[in-house]
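**Student:** So that we are looking at the same thing, I have put the structure below in structure tokens.
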Amino acid sequence: MTNDAPSVDDLRMNEEQDEKLTYFAFVQSLNAKPRTAVAASAPTKAGLEALPELLAGRYRIERLLGAGGMGVVYRARDLLIEQFGAPDPYIALKFLSEAFSESPDASALLYSEFALTRHLRHDNVVRLHSFEVDTEYQRAFITMELMRGLTLDRLLCERPLGLPWNELRGIVLPLLDALAYAHARGVTHGDMKPSNVMVSEEGVRVFDFGLGQAQEGVLRGLPRLSRDRFNAWTPGYAAPETLEGQPLATSADLYGVACVIYELAGGKHPFRRLPSTQARDERLERDLRAPAHLPKHCWPALRSALAFEAVERTTATQLRDALGATSTLRQRLRFWT
Ligand SMILES: Nc1ncnc2c1ncn2[C@@H]1O[C@H](COP(=O)(O)OP(=O)(O)OP(=O)(O)O)[C@@H](O)[C@H]1O
Ligand SMILES: [Mg+2]
């Protein structure tokens with residue numbers, strides 16, 4: 001291994017060689033000495049990696065917060081801002097998991113998540129701070145707000161029968177607001193499912209745009225990455241066209257979010273968490289009934305968001321309006337009586 005950083009020309013040549021792969025140039029510090037790696041104090045889990053005690057000279061890893069199909073997220077303390085008196089120096093750091101980090105475009109994938117999320121400034125979308133590389137450890141990571149709360153999959157474990165509508169609408173309306181906003185800004189989430197939405201102390205937050213994409217003409221400089229190789233979709237929430245390799249479109253998010261809303265409204269996934277392609281082939285939509293806690297007049301909109309055919313699905317705004325109208329109407333009725 002040499003300590004010479006690659007020249008700009010080398011990098012350009014790489015870009016030209018293969019447009020699908022994006023190479024991330026780690027700026028290696030000269031004469032870098034290997035640091036002592038410590039296992040993050042955390043629930044141990046096979047594959048949980050050894051991390052340096054301090055990242056980028058300022059982030060002290062405290063514990064593991066979660067590990068999904070592609071990423072690992074830790075709670076950390078930002079010692080720099082703490083030193084200047086920040087009252088809450090706690091943040092979250094996201095890395096790609098070791099299996100993915102071997103891929104040549106791993107860092108570009110993480111950067112893409114960062115850029116897509118940063119393009120969105122909405123109360124119900126997680127706030128990201130920075131995209132960084134620890135030059136000695138040679139791994140890229142995202143720093144972001146630390147969400148304190150429950151993901152919807154954990155909420156569903158605690159409330160297996162679902163939530164009554166007066167509680168539920170406080171979750172699904174902000175969730176659909178965030179999604180409609182992202183779509184209006186040209187961003188598709190790509191992985192709508194209960195574990196990617198948090199009910200935090202500061203409200204509902206959509207996060208994990210790791211499989212997301214910008215629509216044509218939005219965030220032009222963003223590397224074009226093929227997500228097919230990662231095959232990281234959760235079959236019970238991914239739309240049939242996604243599982244069949246069609247390009248990602250906003251309608252795919254509607255299928256996923258509709259499954260989430262359905263599940264929250266009655267405790268059961270609409271198609272027993274089967275892959276959507278199997279549910280479609282078995283024609284399970286014929287047995288679909290409105291979930292227990294969903295007001296009757298919300299059902300047509302939710303049902304069409306669950307359509308196996310993308311063109312039949314409602315948009316996020318239409319679904320938001322249909323579900324939001326209920327609460328307004330109810331409020332008015334209460335007021336008049
Ligand atoms: N900012 C945060 N604050 C607190 N916890 C977080 C934060 N970001 C992620 N987590 C936790 O870490 C878990 C994994 O994060 P994330 O969904 O981003 O990773 P992933 O590997 O991309 O997931 P997936 O399996 O959906 O691909 C989340 O489900 C959540 O519990
Ligand atoms: Mg996730």
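Please note that chains go A, B, ... in the order of the structure tokens, that every chain numbers its residues from 1, and that ligands are numbered from 1 in the order shown.
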Give me the chain A side of the contact with ligand 1, cut-off 7 Å, one line per residue showing its nearest atom pair and distance in Å at one decimal, counting only C-alpha atoms and all ligand atoms, sorted by chain and residue number, as CSV.
**Tutor:**
```
residue,atom,partner,partner_atom_place_in_ligand_line,distance
A:Leu65,CA,ligand 1,11 (C),5.1
A:Gly66,CA,ligand 1,12 (O),3.4
A:Ala67,CA,ligand 1,14 (C),4.6
A:Gly68,CA,ligand 1,21 (O),3.0
A:Gly69,CA,ligand 1,25 (O),3.5
A:Met70,CA,ligand 1,21 (O),3.7
A:Gly71,CA,ligand 1,21 (O),3.2
A:Val72,CA,ligand 1,21 (O),5.8
A:Val73,CA,ligand 1,12 (O),4.9
A:Ala92,CA,ligand 1,1 (N),4.9
A:Lys94,CA,ligand 1,18 (O),6.9
A:Val126,CA,ligand 1,1 (N),6.8
A:Met144,CA,ligand 1,1 (N),5.6
A:Glu145,CA,ligand 1,1 (N),5.2
A:Leu146,CA,ligand 1,3 (N),3.9
A:Met147,CA,ligand 1,3 (N),3.8
A:Arg148,CA,ligand 1,4 (C),6.0
A:Thr151,CA,ligand 1,31 (O),6.1
A:Asp191,CA,ligand 1,26 (O),6.8
A:Ser195,CA,ligand 1,29 (O),4.7
A:Asn196,CA,ligand 1,17 (O),5.2
A:Phe207,CA,ligand 1,18 (O),6.4
A:Asp208,CA,ligand 1,18 (O),4.2
A:Gly210,CA,ligand 1,22 (O),5.7
A:Ala232,CA,ligand 1,27 (O),6.5
```
**Student:** Within segment 169-291 of chain A, find each residue whose DSSP state, derived from the backbone, is strand (DSSP E or B), and express the selection as a count of residues only.
**Tutor:** 12
**Student:** Identify all residues of segment 8-217 of chain A in helix (DSSP H, G or I) (DSSP on the backbone) and supply them as a CSV table (one decimal) with C-alpha atoms, in the first residue's frame.
**Tutor:**
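Result file is states.csv:
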```csv
chain,number,residue,atom,x,y,z
A,8,VAL,CA,-7.5,14.0,-9.7
A,9,ASP,CA,-6.7,12.5,-13.1
A,10,ASP,CA,-6.7,9.0,-11.7
A,11,LEU,CA,-10.1,9.6,-10.2
A,12,ARG,CA,-11.5,11.0,-13.5
A,13,MET,CA,-10.2,8.0,-15.3
A,14,ASN,CA,-12.0,5.8,-12.8
A,15,GLU,CA,-15.2,7.6,-13.3
A,16,GLU,CA,-15.0,7.2,-17.1
A,17,GLN,CA,-14.2,3.6,-16.8
A,79,LEU,CA,-16.9,16.3,22.3
A,80,LEU,CA,-16.2,19.4,20.2
A,81,ILE,CA,-19.6,21.1,20.7
A,82,GLU,CA,-19.7,19.8,24.2
A,83,GLN,CA,-16.5,21.7,25.0
A,98,GLU,CA,-19.2,-4.2,7.1
A,99,ALA,CA,-20.6,-6.5,4.5
A,100,PHE,CA,-21.7,-3.5,2.3
A,101,SER,CA,-18.6,-1.4,3.1
A,106,ALA,CA,-20.3,1.9,-0.6
A,107,SER,CA,-19.3,5.4,0.4
A,108,ALA,CA,-21.1,6.8,-2.6
A,109,LEU,CA,-24.2,5.0,-1.5
A,110,LEU,CA,-24.0,6.5,2.0
A,111,TYR,CA,-23.3,9.9,0.5
A,112,SER,CA,-26.4,9.5,-1.7
A,113,GLU,CA,-28.5,8.9,1.4
A,114,PHE,CA,-26.9,12.0,3.0
A,115,ALA,CA,-27.6,14.2,-0.1
A,116,LEU,CA,-31.2,13.0,-0.6
A,117,THR,CA,-32.1,13.6,3.1
A,118,ARG,CA,-30.3,16.9,3.2
A,152,LEU,CA,-43.1,1.9,14.3
A,153,ASP,CA,-42.1,-1.8,14.3
A,154,ARG,CA,-41.3,-1.5,18.0
A,155,LEU,CA,-44.5,0.4,18.6
A,156,LEU,CA,-46.4,-2.4,16.9
A,157,CYS,CA,-44.8,-4.9,19.2
A,158,GLU,CA,-46.0,-2.9,22.2
A,165,TRP,CA,-57.7,6.5,15.2
A,166,ASN,CA,-57.3,9.5,17.5
A,167,GLU,CA,-53.7,8.3,18.3
A,168,LEU,CA,-53.0,6.9,14.8
A,169,ARG,CA,-53.8,10.0,12.9
A,170,GLY,CA,-51.2,11.9,14.9
A,171,ILE,CA,-48.7,9.5,13.4
A,172,VAL,CA,-49.9,8.9,9.9
A,173,LEU,CA,-50.7,12.5,8.9
A,174,PRO,CA,-47.2,13.8,9.7
A,175,LEU,CA,-45.8,10.6,8.0
A,176,LEU,CA,-47.8,11.4,4.8
A,177,ASP,CA,-46.9,15.0,5.0
A,178,ALA,CA,-43.2,14.1,5.0
A,179,LEU,CA,-43.7,11.7,2.1
A,180,ALA,CA,-45.8,14.1,0.0
A,181,TYR,CA,-43.1,16.8,0.7
A,182,ALA,CA,-40.3,14.5,-0.3
A,183,HIS,CA,-42.1,13.5,-3.5
A,184,ALA,CA,-42.8,17.2,-4.3
A,194,PRO,CA,-42.2,0.4,10.0
A,195,SER,CA,-38.5,0.3,11.0
A,196,ASN,CA,-37.8,3.4,9.0
```
**Student:** Just checking: using only C-alpha atoms and all ligand atoms, which residue out of A:Ala56, A:Thr234, A:His122, A:Thr135 ends up closest to ligand 2?
**Tutor:**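 Closest residue, counting only C-alpha atoms and all ligand atoms: A:Thr234.
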